[in-house]
file my_file-v1.cif (mmCIF, C-alpha atoms)
data_work
#
loop_
_atom_site.group_PDB
_atom_site.id
_atom_site.type_symbol
_atom_site.label_atom_id
_atom_site.label_comp_id
_atom_site.auth_asym_id
_atom_site.auth_seq_id
_atom_site.Cartn_x
_atom_site.Cartn_y
_atom_site.Cartn_z
ATOM 1 C CA MET T 241 19.138 -52.174 7.211
ATOM 2 C CA THR T 242 15.506 -53.016 7.987
ATOM 3 C CA GLU T 243 12.568 -51.405 6.214
ATOM 4 C CA GLU T 244 11.567 -49.596 9.416
ATOM 5 C CA VAL T 245 15.000 -47.961 9.725
ATOM 6 C CA GLN T 246 14.896 -46.859 6.087
ATOM 7 C CA SER T 247 11.493 -45.211 6.590
ATOM 8 C CA LEU T 248 10.943 -41.898 8.368
ATOM 9 C CA SER T 249 7.862 -40.599 10.107
ATOM 10 C CA THR T 250 6.826 -37.096 9.119
ATOM 11 C CA SER T 251 8.188 -35.750 12.417
ATOM 12 C CA ALA T 252 11.517 -37.497 11.823
ATOM 13 C CA LEU T 253 11.581 -36.147 8.278
ATOM 14 C CA ALA T 254 11.013 -32.636 9.629
ATOM 15 C CA LYS T 255 13.943 -33.032 12.032
ATOM 16 C CA LYS T 256 16.213 -34.200 9.215
ATOM 17 C CA LEU T 257 15.295 -31.136 7.168
ATOM 18 C CA GLY T 258 15.604 -28.719 10.084
ATOM 19 C CA LYS T 259 11.910 -27.887 10.210
ATOM 20 C CA THR T 260 9.169 -28.125 12.805
ATOM 21 C CA SER T 261 6.659 -30.962 12.570
ATOM 22 C CA ARG T 262 3.869 -28.454 12.075
ATOM 23 C CA GLN T 263 5.713 -26.841 9.195
ATOM 24 C CA MET T 264 6.473 -30.234 7.648
ATOM 25 C CA PHE T 265 2.847 -31.367 7.712
ATOM 26 C CA ALA T 266 1.759 -28.017 6.233
ATOM 27 C CA GLU T 267 4.293 -28.324 3.405
ATOM 28 C CA LEU T 268 3.297 -31.891 2.579
ATOM 29 C CA GLU T 269 -0.356 -30.892 2.574
ATOM 30 C CA ALA T 270 0.377 -27.915 0.292
ATOM 31 C CA LEU T 271 2.272 -30.242 -2.054
ATOM 32 C CA GLY T 272 -0.767 -32.489 -2.186
ATOM 33 C CA TRP T 273 1.020 -35.497 -0.656
ATOM 34 C CA ILE T 274 -1.232 -35.789 2.382
ATOM 35 C CA VAL T 275 -4.681 -34.608 3.413
ATOM 36 C CA ARG T 276 -6.369 -34.182 6.796
ATOM 37 C CA GLU T 277 -9.403 -36.457 7.267
ATOM 38 C CA GLU T 278 -11.224 -37.136 10.532
ATOM 39 C CA GLU T 279 -8.361 -35.846 12.686
ATOM 40 C CA GLN T 280 -5.822 -38.054 10.880
ATOM 41 C CA TRP T 281 -3.353 -37.507 8.072
ATOM 42 C CA LYS T 282 -4.060 -39.608 4.985
ATOM 43 C CA LEU T 283 -1.845 -40.216 1.987
ATOM 44 C CA THR T 284 -3.025 -38.996 -1.390
ATOM 45 C CA ALA T 285 -2.257 -40.762 -4.666
ATOM 46 C CA LYS T 286 0.525 -38.239 -5.180
ATOM 47 C CA GLY T 287 1.925 -38.966 -1.721
ATOM 48 C CA ARG T 288 1.993 -42.698 -2.457
ATOM 49 C CA PHE T 289 3.735 -41.971 -5.751
ATOM 50 C CA GLU T 290 6.462 -40.149 -3.794
ATOM 51 C CA GLY T 291 6.965 -43.251 -1.648
ATOM 52 C CA GLY T 292 4.639 -42.554 1.264
ATOM 53 C CA ASP T 293 3.244 -45.496 3.203
ATOM 54 C CA TYR T 294 1.568 -46.347 6.519
ATOM 55 C CA ARG T 295 2.946 -47.886 9.708
ATOM 56 C CA GLU T 296 1.173 -49.246 12.758
ATOM 57 C CA SER T 297 2.210 -48.497 16.318
ATOM 58 C CA LYS T 298 0.632 -49.456 19.654
ATOM 59 C CA ARG T 299 1.532 -46.017 20.949
ATOM 60 C CA PHE T 300 0.727 -43.818 17.928
ATOM 61 C CA GLY T 301 -1.690 -45.950 15.945
ATOM 62 C CA THR T 302 -1.554 -45.642 12.161
ATOM 63 C CA TYR T 303 0.797 -42.958 10.847
ATOM 64 C CA VAL T 304 2.481 -41.938 7.591
ATOM 65 C CA VAL T 305 6.109 -42.762 6.822
ATOM 66 C CA TRP T 306 8.429 -41.759 4.014
ATOM 67 C CA PRO T 307 11.466 -43.341 2.359
ATOM 68 C CA ALA T 308 14.791 -41.862 3.450
ATOM 69 C CA SER T 309 15.456 -40.831 -0.154
ATOM 70 C CA VAL T 310 12.670 -38.231 0.060
ATOM 71 C CA ILE T 311 15.066 -36.037 2.070
ATOM 72 C CA GLN T 312 16.718 -35.145 -1.246
ATOM 73 C CA HIS T 313 13.436 -34.287 -2.973
ATOM 74 C CA ARG T 314 13.713 -30.841 -4.558
ATOM 75 C CA ALA T 315 10.250 -29.791 -3.372
ATOM 76 C CA LEU T 316 11.275 -30.402 0.260
ATOM 77 C CA VAL T 317 14.882 -29.242 0.208
ATOM 78 C CA ASN T 318 14.001 -25.861 -1.240
ATOM 79 C CA PRO T 319 10.235 -25.700 -1.783
ATOM 80 C CA ASP T 320 10.164 -21.931 -2.275
ATOM 81 C CA SER T 321 12.892 -21.728 -4.910
ATOM 82 C CA GLN T 322 10.481 -21.998 -7.841
ATOM 83 C CA LEU T 323 7.617 -20.091 -6.229
ATOM 84 C CA LEU T 324 6.719 -16.418 -6.541
ATOM 85 C CA SER T 325 5.118 -13.919 -4.177
ATOM 86 C CA ALA T 326 2.168 -11.711 -5.074
ATOM 87 C CA THR T 327 4.641 -8.854 -5.515
ATOM 88 C CA ALA T 328 6.704 -10.813 -8.044
ATOM 89 C CA LEU T 329 3.606 -11.956 -9.911
ATOM 90 C CA GLY T 330 2.330 -8.393 -9.934
ATOM 91 C CA LYS T 331 5.456 -7.244 -11.756
ATOM 92 C CA GLN T 332 4.738 -9.809 -14.483
ATOM 93 C CA LEU T 333 1.057 -8.915 -14.735
ATOM 94 C CA GLY T 334 1.367 -5.161 -14.328
ATOM 95 C CA TYR T 335 -0.512 -5.027 -11.015
ATOM 96 C CA SER T 336 0.373 -4.256 -7.413
ATOM 97 C CA ALA T 337 0.624 -7.056 -4.827
ATOM 98 C CA VAL T 338 -2.642 -5.797 -3.304
ATOM 99 C CA GLN T 339 -4.410 -6.126 -6.653
ATOM 100 C CA VAL T 340 -2.975 -9.616 -7.269
ATOM 101 C CA ASN T 341 -4.202 -10.844 -3.880
ATOM 102 C CA ARG T 342 -7.655 -9.391 -4.548
ATOM 103 C CA LEU T 343 -7.770 -11.109 -7.930
ATOM 104 C CA PHE T 344 -6.814 -14.431 -6.340
ATOM 105 C CA ASN T 345 -9.330 -13.893 -3.545
ATOM 106 C CA GLU T 346 -12.101 -13.289 -6.096
ATOM 107 C CA LEU T 347 -11.091 -16.524 -7.852
ATOM 108 C CA GLY T 348 -11.354 -18.364 -4.532
ATOM 109 C CA TRP T 349 -7.658 -19.281 -4.406
ATOM 110 C CA ILE T 350 -6.995 -17.421 -1.148
ATOM 111 C CA GLU T 351 -9.047 -15.886 1.647
ATOM 112 C CA PRO T 352 -8.315 -12.978 4.013
ATOM 113 C CA HIS T 353 -6.928 -13.862 7.435
ATOM 114 C CA ILE T 354 -6.419 -11.010 9.928
ATOM 115 C CA LYS T 355 -3.520 -9.117 8.307
ATOM 116 C CA GLY T 356 -2.620 -11.690 5.674
ATOM 117 C CA TRP T 357 -3.930 -14.356 3.331
ATOM 118 C CA ARG T 358 -4.681 -18.048 3.724
ATOM 119 C CA LEU T 359 -4.528 -20.611 0.935
ATOM 120 C CA THR T 360 -7.790 -22.373 0.083
ATOM 121 C CA LYS T 361 -8.195 -25.917 -1.220
ATOM 122 C CA THR T 362 -8.837 -24.475 -4.660
ATOM 123 C CA GLY T 363 -5.618 -22.478 -4.410
ATOM 124 C CA THR T 364 -3.719 -25.638 -3.495
ATOM 125 C CA HIS T 365 -4.917 -27.246 -6.709
ATOM 126 C CA VAL T 366 -3.327 -24.480 -8.808
ATOM 127 C CA GLY T 367 0.003 -24.835 -6.999
ATOM 128 C CA GLY T 368 -0.214 -22.306 -4.168
ATOM 129 C CA ARG T 369 1.840 -22.862 -1.037
ATOM 130 C CA GLN T 370 1.137 -21.366 2.385
ATOM 131 C CA ALA T 371 3.932 -19.363 4.001
ATOM 132 C CA GLU T 372 4.312 -16.801 6.757
ATOM 133 C CA ASP T 373 6.573 -13.899 7.521
ATOM 134 C CA ALA T 374 9.334 -15.131 9.825
ATOM 135 C CA ARG T 375 9.339 -11.868 11.795
ATOM 136 C CA THR T 376 5.646 -10.971 12.085
ATOM 137 C CA GLY T 377 3.949 -14.313 11.510
ATOM 138 C CA VAL T 378 1.616 -12.726 8.937
ATOM 139 C CA PRO T 379 0.486 -15.460 6.522
ATOM 140 C CA TYR T 380 0.903 -15.137 2.769
ATOM 141 C CA VAL T 381 0.888 -17.437 -0.242
ATOM 142 C CA LEU T 382 3.537 -18.322 -2.814
ATOM 143 C CA TRP T 383 2.727 -19.409 -6.367
ATOM 144 C CA PRO T 384 4.334 -21.253 -9.277
ATOM 145 C CA ASP T 385 5.173 -18.985 -12.215
ATOM 146 C CA THR T 386 2.745 -20.981 -14.366
ATOM 147 C CA VAL T 387 -0.217 -19.548 -12.441
ATOM 148 C CA VAL T 388 -0.131 -16.439 -14.673
ATOM 149 C CA GLU T 389 -1.230 -18.686 -17.556
ATOM 150 C CA HIS T 390 -4.240 -20.134 -15.730
ATOM 151 C CA PRO T 391 -7.367 -19.721 -17.926
ATOM 152 C CA ALA T 392 -9.528 -18.438 -15.053
ATOM 153 C CA LEU T 393 -7.000 -15.729 -14.200
ATOM 154 C CA LEU T 394 -6.563 -14.740 -17.845
ATOM 155 C CA GLN T 395 -10.321 -14.390 -18.216
ATOM 156 C CA VAL T 396 -10.568 -12.053 -15.222
ATOM 157 C CA ILE T 397 -7.608 -9.976 -16.412
ATOM 158 C CA ALA T 398 -9.185 -9.674 -19.860
ATOM 159 C CA SER T 399 -12.391 -8.374 -18.272
ATOM 160 C CA LEU T 400 -10.375 -5.647 -16.511
ATOM 161 C CA ALA T 401 -8.931 -4.303 -19.745
ATOM 162 C CA VAL T 402 -10.442 -1.065 -21.028
ATOM 163 C CA PRO T 403 -11.818 -1.656 -24.545
ATOM 164 C CA GLU T 404 -10.091 0.270 -27.314
ATOM 165 C CA THR T 405 -13.435 1.401 -28.669
ATOM 166 C CA MET T 406 -15.381 2.843 -25.792
ATOM 167 C CA GLU T 407 -19.087 2.082 -25.720
ATOM 168 C CA LYS T 408 -21.618 4.487 -24.253
ATOM 169 C CA GLU T 409 -21.593 2.355 -21.126
ATOM 170 C CA ILE T 410 -18.886 0.008 -19.874
ATOM 171 C CA SER T 411 -19.528 -3.212 -17.986
ATOM 172 C CA CYS T 412 -17.854 -3.801 -14.614
ATOM 173 C CA LEU T 413 -17.010 -7.123 -12.986
ATOM 174 C CA ASP T 414 -20.010 -6.998 -10.644
ATOM 175 C CA GLY T 415 -22.451 -6.302 -13.457
ATOM 176 C CA HIS T 416 -22.655 -2.541 -12.965
ATOM 177 C CA ARG T 417 -22.518 -0.390 -16.088
ATOM 178 C CA VAL T 418 -20.719 2.933 -15.893
ATOM 179 C CA ALA T 419 -19.963 5.847 -18.182
ATOM 180 C CA SER T 420 -16.161 5.941 -18.244
ATOM 181 C CA ALA T 421 -13.003 3.883 -17.874
ATOM 182 C CA GLY T 422 -12.163 5.758 -14.678
ATOM 183 C CA MET T 423 -15.490 4.820 -13.117
ATOM 184 C CA GLN T 424 -14.980 1.227 -14.232
ATOM 185 C CA GLN T 425 -11.631 1.166 -12.419
ATOM 186 C CA ILE T 426 -13.216 2.473 -9.218
ATOM 187 C CA ASP T 427 -16.152 0.065 -9.403
ATOM 188 C CA ASN T 428 -13.866 -2.942 -9.962
ATOM 189 C CA TRP T 429 -11.641 -1.783 -7.098
ATOM 190 C CA LEU T 430 -14.604 -1.562 -4.705
ATOM 191 C CA TYR T 431 -15.790 -5.004 -5.820
ATOM 192 C CA TYR T 432 -12.404 -6.653 -5.212
ATOM 193 C CA ALA T 433 -11.998 -4.783 -1.927
ATOM 194 C CA GLY T 434 -15.231 -6.324 -0.669
ATOM 195 C CA VAL T 435 -17.065 -3.002 -0.353
ATOM 196 C CA VAL T 436 -20.801 -3.221 -1.034
ATOM 197 C CA HIS T 437 -21.765 -0.294 -3.229
ATOM 198 C CA ALA T 438 -24.354 1.063 -5.647
ATOM 199 C CA CYS T 439 -23.959 3.075 -8.836
ATOM 200 C CA GLY T 440 -26.077 6.028 -9.914
ATOM 201 C CA ARG T 441 -27.819 6.370 -6.564
ATOM 202 C CA ARG T 442 -30.056 9.419 -6.260
ATOM 203 C CA LEU T 443 -28.931 11.925 -3.646
ATOM 204 C CA PRO T 444 -31.349 12.530 -0.708
ATOM 205 C CA THR T 445 -31.878 16.119 -1.829
ATOM 206 C CA ASP T 446 -34.828 18.125 -3.110
ATOM 207 C CA GLU T 447 -33.028 18.703 -6.391
ATOM 208 C CA GLU T 448 -32.658 15.648 -8.606
ATOM 209 C CA ALA T 449 -29.054 14.467 -8.750
ATOM 210 C CA TYR T 450 -27.269 11.137 -8.897
ATOM 211 C CA SER T 451 -23.951 10.083 -7.398
ATOM 212 C CA ASP T 452 -21.299 8.008 -9.127
ATOM 213 C CA PHE T 453 -21.092 5.516 -6.230
ATOM 214 C CA TYR T 454 -22.813 5.042 -2.895
ATOM 215 C CA ILE T 455 -21.696 2.886 0.070
ATOM 216 C CA PRO T 456 -24.863 2.298 2.136
ATOM 217 C CA SER T 457 -23.125 0.924 5.241
ATOM 218 C CA ALA T 458 -21.425 4.299 5.773
ATOM 219 C CA HIS T 459 -23.901 6.622 4.009
ATOM 220 C CA LEU T 460 -20.931 7.624 1.909
ATOM 221 C CA TYR T 461 -20.802 8.816 -1.692
ATOM 222 C CA ILE T 462 -17.859 8.614 -4.086
ATOM 223 C CA GLU T 463 -17.491 10.967 -7.008
ATOM 224 C CA TYR T 464 -15.019 10.659 -9.855
ATOM 225 C CA TRP T 465 -14.265 13.994 -11.472
ATOM 226 C CA ASP T 466 -12.887 13.670 -15.008
ATOM 227 C CA GLU T 467 -11.239 16.966 -15.914
ATOM 228 C CA GLN T 468 -11.570 16.135 -19.624
ATOM 229 C CA GLY T 469 -15.357 16.367 -19.525
ATOM 230 C CA SER T 470 -17.500 18.645 -21.647
ATOM 231 C CA ALA T 471 -18.806 22.037 -20.551
ATOM 232 C CA GLY T 472 -22.113 20.434 -19.605
ATOM 233 C CA TYR T 473 -20.324 17.787 -17.551
ATOM 234 C CA LEU T 474 -18.297 20.413 -15.686
ATOM 235 C CA ALA T 475 -21.450 22.392 -14.913
ATOM 236 C CA GLU T 476 -23.123 19.256 -13.503
ATOM 237 C CA LYS T 477 -19.969 18.556 -11.478
ATOM 238 C CA MET T 478 -20.118 21.972 -9.815
ATOM 239 C CA ARG T 479 -23.857 21.569 -9.155
ATOM 240 C CA ARG T 480 -23.330 18.233 -7.374
ATOM 241 C CA LYS T 481 -20.400 19.609 -5.398
ATOM 242 C CA GLU T 482 -22.666 22.365 -4.114
ATOM 243 C CA LEU T 483 -25.356 19.842 -3.140
ATOM 244 C CA TYR T 484 -22.882 17.729 -1.154
ATOM 245 C CA GLN T 485 -21.811 20.817 0.778
ATOM 246 C CA ARG T 486 -25.290 22.235 1.322
ATOM 247 C CA TYR T 487 -26.777 18.969 2.605
ATOM 248 C CA GLU T 488 -23.600 18.021 4.494
ATOM 249 C CA LEU T 489 -23.352 14.632 2.799
ATOM 250 C CA ARG T 490 -20.252 12.515 3.238
ATOM 251 C CA VAL T 491 -18.368 12.232 -0.027
ATOM 252 C CA ILE T 492 -14.977 11.108 -1.298
ATOM 253 C CA GLU T 493 -13.831 12.898 -4.440
ATOM 254 C CA LEU T 494 -11.334 11.251 -6.786
ATOM 255 C CA SER T 495 -9.458 12.721 -9.726
ATOM 256 C CA ALA T 496 -7.950 10.938 -12.720
ATOM 257 C CA ASP T 497 -4.423 11.412 -11.348
ATOM 258 C CA GLU T 498 -5.358 9.731 -8.079
ATOM 259 C CA LEU T 499 -6.522 6.584 -9.872
ATOM 260 C CA GLU T 500 -2.874 5.804 -10.596
ATOM 261 C CA GLU T 501 -2.454 5.231 -6.835
ATOM 262 C CA ILE T 502 -5.965 3.986 -6.134
ATOM 263 C CA ASP T 503 -4.804 1.161 -3.831
ATOM 264 C CA ASP T 504 -3.308 3.666 -1.408
ATOM 265 C CA VAL T 505 -5.534 6.693 -1.964
ATOM 266 C CA LEU T 506 -8.974 5.107 -1.772
ATOM 267 C CA ALA T 507 -8.107 2.528 0.895
ATOM 268 C CA ARG T 508 -6.685 5.264 3.130
ATOM 269 C CA ARG T 509 -9.693 7.548 2.737
ATOM 270 C CA LEU T 510 -12.163 4.738 3.373
ATOM 271 C CA LEU T 511 -10.258 3.631 6.469
ATOM 272 C CA LYS T 512 -10.444 7.157 7.903
ATOM 273 C CA LEU T 513 -14.209 6.865 7.599
ATOM 274 C CA GLY T 514 -14.330 3.489 9.341
ATOM 275 C CA ILE T 515 -14.515 1.275 6.245
ATOM 276 C CA ASP T 516 -12.007 -1.572 6.138
ATOM 277 C CA THR T 517 -11.076 -3.259 2.861
ATOM 278 C CA LEU T 518 -9.555 -6.554 1.829
#
call {"tool": "encode", "arguments": {"input": "my_file-v1.cif", "output": "structure tokens"}}
result
Amino acid sequence: MTEEVQSLSTSALAKKLGKTSRQMFAELEALGWIVREEEQWKLTAKGRFEGGDYRESKRFGTYVVWPASVIQHRALVNPDSQLLSATALGKQLGYSAVQVNRLFNELGWIEPHIKGWRLTKTGTHVGGRQAEDARTGVPYVLWPDTVVEHPALLQVIASLAVPETMEKEISCLDGHRVASAGMQQIDNWLYYAGVVHACGRRLPTDEEAYSDFYIPSAHLYIEYWDEQGSAGYLAEKMRRKELYQRYELRVIELSADELEEIDDVLARRLLKLGIDTL
């Protein structure tokens, strides 16, 4: 057989594997075998290692070809077999899929896209692979199981942990300092959800009082009520509650129990008030 017969264009390779050309190019790009430059697909060093080469055609110009043996390559035959969804990774890390995607978004590995998530170039470097729901077309990303050991991810996860010995103030990921672990959880959630917020903002009232959180775009306050507080704390809680009612200020109140379902509870309440989250 001639060399040309033994080589397959990317479109021919897609047909052999029962995929669309668009899907095939996306997979090869996610694997790091090819890259898009100036409206053309170029081989990477990894792609050349896998046997990729170039061919010239009067009709198509320069294009990438692959050896016929690449049809048996494990990454192409079943590229998802060793990859995990955000849900699966969340079970390993102790987070929900929503929280995992927000963590990866903060790291710059993915970015929001309508109802789903798109892989970034940085995410490709850590092994992410773009996928989409076959029924809805919503994009999502799959990951190798080794991603849970990535130093950048481990550092962020460590910063989320509540210290065993509580200081008077606790640092949050965005630099805010708050008074309790519950407030830290809310602040970090708002940060990952892409909601601009302030801490300790004075209420626009004659009496001096300060909110836990304030979202300026919606003139909305968030209060976290810890039922384990001291008598003085409970008295201040009731005073602020009365101020919110008297001045008709918009406020979301959260209890410690609700923090266990913060992804659903807070996102739902914010959405009712016209605030979308990542």
call {"tool": "resolve_selection", "arguments": {"input": "my_file-v1.cif", "expression": "the PyMOL selection byres ((chain T and resi 368) around 8)", "output": "list in words"}}
result
Ala270, Leu359, Gly363, Thr364, His365, Val366, Gly367, Arg369, Gln370, Val381, Leu382, Trp383 and Pro384 of chain T
call {"tool": "atom_distance", "arguments": {"input": "my_file-v1.cif", "atom1": "atom CA of Leu329 of chain T", "atom2": "atom CA of Val388 of chain T"}}
result
7.5 Å
call {"tool": "residues_around", "arguments": {"input": "my_file-v1.cif", "residues": "Trp306 of chain T", "least_positions_apart": "2", "cutoff": "8 Å", "atoms": "only C-alpha atoms", "output": "PyMOL selection string"}}
result
chain T and resi 247-250+253+291-293+304+308+310
call {"tool": "write_last_selection", "arguments": {"input": "my_file-v1.cif", "atoms": "C-alpha atoms", "output": "PDB file, in the coordinates of the input"}}
result
ATOM      1  CA  SER T 247      11.493 -45.211   6.590  1.00  0.00           C
ATOM      2  CA  LEU T 248      10.943 -41.898   8.368  1.00  0.00           C
ATOM      3  CA  SER T 249       7.862 -40.599  10.107  1.00  0.00           C
ATOM      4  CA  THR T 250       6.826 -37.096   9.119  1.00  0.00           C
ATOM      5  CA  LEU T 253      11.581 -36.147   8.278  1.00  0.00           C
ATOM      6  CA  GLY T 291       6.965 -43.251  -1.648  1.00  0.00           C
ATOM      7  CA  GLY T 292       4.639 -42.554   1.264  1.00  0.00           C
ATOM      8  CA  ASP T 293       3.244 -45.496   3.203  1.00  0.00           C
ATOM      9  CA  VAL T 304       2.481 -41.938   7.591  1.00  0.00           C
ATOM     10  CA  ALA T 308      14.791 -41.862   3.450  1.00  0.00           C
ATOM     11  CA  VAL T 310      12.670 -38.231   0.060  1.00  0.00           C
TER      12      VAL T 310
END
call {"tool": "atom_distance", "arguments": {"input": "my_file-v1.cif", "atom1": "atom CA of Gly514 of chain T", "atom2": "atom CA of Ser451 of chain T"}}
result
20.4 Å
call {"tool": "residues_around", "arguments": {"input": "my_file-v1.cif", "residues": "Ala401 of chain T", "least_positions_apart": "6", "cutoff": "12 Å", "atoms": "only C-alpha atoms", "output": "list in words"}}
result
Gly334, Leu394, Gln395, Ile410, Ser411, Cys412, Leu413, Ala421, Gly422, Gln424, Gln425 and Asn428 of chain T
call {"tool": "atom_distance", "arguments": {"input": "my_file-v1.cif", "atom1": "atom CA of Arg288 of chain T", "atom2": "atom CA of Trp273 of chain T"}}
result
7.5 Å
call {"tool": "resolve_selection", "arguments": {"input": "my_file-v1.cif", "expression": "the PyMOL selection byres ((chain T and resi 490-506) around 7)", "output": "short mmCIF file (atom, residue, chain, number, x, y, z; two decimals) with C-alpha atoms, keeping the file's coordinate frame"}}
result
data_model
loop_
_atom_site.label_atom_id
_atom_site.label_comp_id
_atom_site.auth_asym_id
_atom_site.auth_seq_id
_atom_site.Cartn_x
_atom_site.Cartn_y
_atom_site.Cartn_z
CA GLY T 422 -12.16 5.76 -14.68
CA HIS T 459 -23.90 6.62 4.01
CA LEU T 460 -20.93 7.62 1.91
CA TYR T 461 -20.80 8.82 -1.69
CA ILE T 462 -17.86 8.61 -4.09
CA GLU T 463 -17.49 10.97 -7.01
CA TYR T 464 -15.02 10.66 -9.86
CA TRP T 465 -14.26 13.99 -11.47
CA ASP T 466 -12.89 13.67 -15.01
CA GLU T 488 -23.60 18.02 4.49
CA LEU T 489 -23.35 14.63 2.80
CA ALA T 507 -8.11 2.53 0.90
CA ARG T 508 -6.68 5.26 3.13
CA ARG T 509 -9.69 7.55 2.74
CA LEU T 510 -12.16 4.74 3.37
#
call {"tool": "closest_residue", "arguments": {"input": "my_file-v1.cif", "among": "T:Val378, T:Ala285, T:Ile397, T:Ile311", "to": "Arg342 of chain T", "atoms": "all atoms listed in the file"}}
result
T:Ile397
call {"tool": "axis_aligned_box", "arguments": {"input": "my_file-v1.cif", "around": "segment 424-442 of chain T", "padding_each_side": "5 Å", "output": "JSON"}}
result
{"center_x": -20.8, "center_y": 1.4, "center_z": -7.3, "size_x": 28.4, "size_y": 26.1, "size_z": 23.9}
call {"tool": "closest_residue", "arguments": {"input": "my_file-v1.cif", "among": "T:Ile426, T:Lys282, T:Tyr380, T:Leu257", "to": "His353 of chain T", "atoms": "all atoms listed in the file"}}
result
T:Tyr380
call {"tool": "closest_residue", "arguments": {"input": "my_file-v1.cif", "among": "T:Asp385, T:Lys477, T:Gln339, T:Glu346", "to": "Trp429 of chain T", "atoms": "only C-alpha atoms"}}
result
T:Gln339
call {"tool": "residues_around", "arguments": {"input": "my_file-v1.cif", "residues": "Glu279 of chain T", "least_positions_apart": "4", "cutoff": "12 Å", "atoms": "only C-alpha atoms", "output": "PyMOL selection string"}}
result
chain T and resi 275+302-303
call {"tool": "closest_residue", "arguments": {"input": "my_file-v1.cif", "among": "T:Arg314, T:Gly301, T:Ser261, T:Gly356", "to": "Gln280 of chain T", "atoms": "all atoms listed in the file"}}
result
T:Gly301
call {"tool": "residues_around", "arguments": {"input": "my_file-v1.cif", "residues": "Val396 of chain T", "least_positions_apart": "3", "cutoff": "10 Å", "atoms": "all atoms listed in the file", "output": "number ranges by chain"}}
result
T: 343-344, 346-347, 391-393, 399-401, 413
call {"tool": "closest_residue", "arguments": {"input": "my_file-v1.cif", "among": "T:Met264, T:Val418, T:Ile274, T:Ala326", "to": "Val387 of chain T", "atoms": "only C-alpha atoms"}}
result
T:Ala326
call {"tool": "resolve_selection", "arguments": {"input": "my_file-v1.cif", "expression": "the PyMOL selection byres ((chain T and resi 437) around 12)", "output": "count of residues only"}}
result
30
call {"tool": "residues_around", "arguments": {"input": "my_file-v1.cif", "residues": "Asn341 of chain T", "least_positions_apart": "4", "cutoff": "8 Å", "atoms": "all atoms listed in the file", "output": "JSON, numbers by chain"}}
result
{"T": [326, 337, 345, 350]}
call {"tool": "closest_residue", "arguments": {"input": "my_file-v1.cif", "among": "T:Ala371, T:Leu283, T:Ala315, T:Ala252", "to": "Leu271 of chain T", "atoms": "only C-alpha atoms"}}
result
T:Ala315
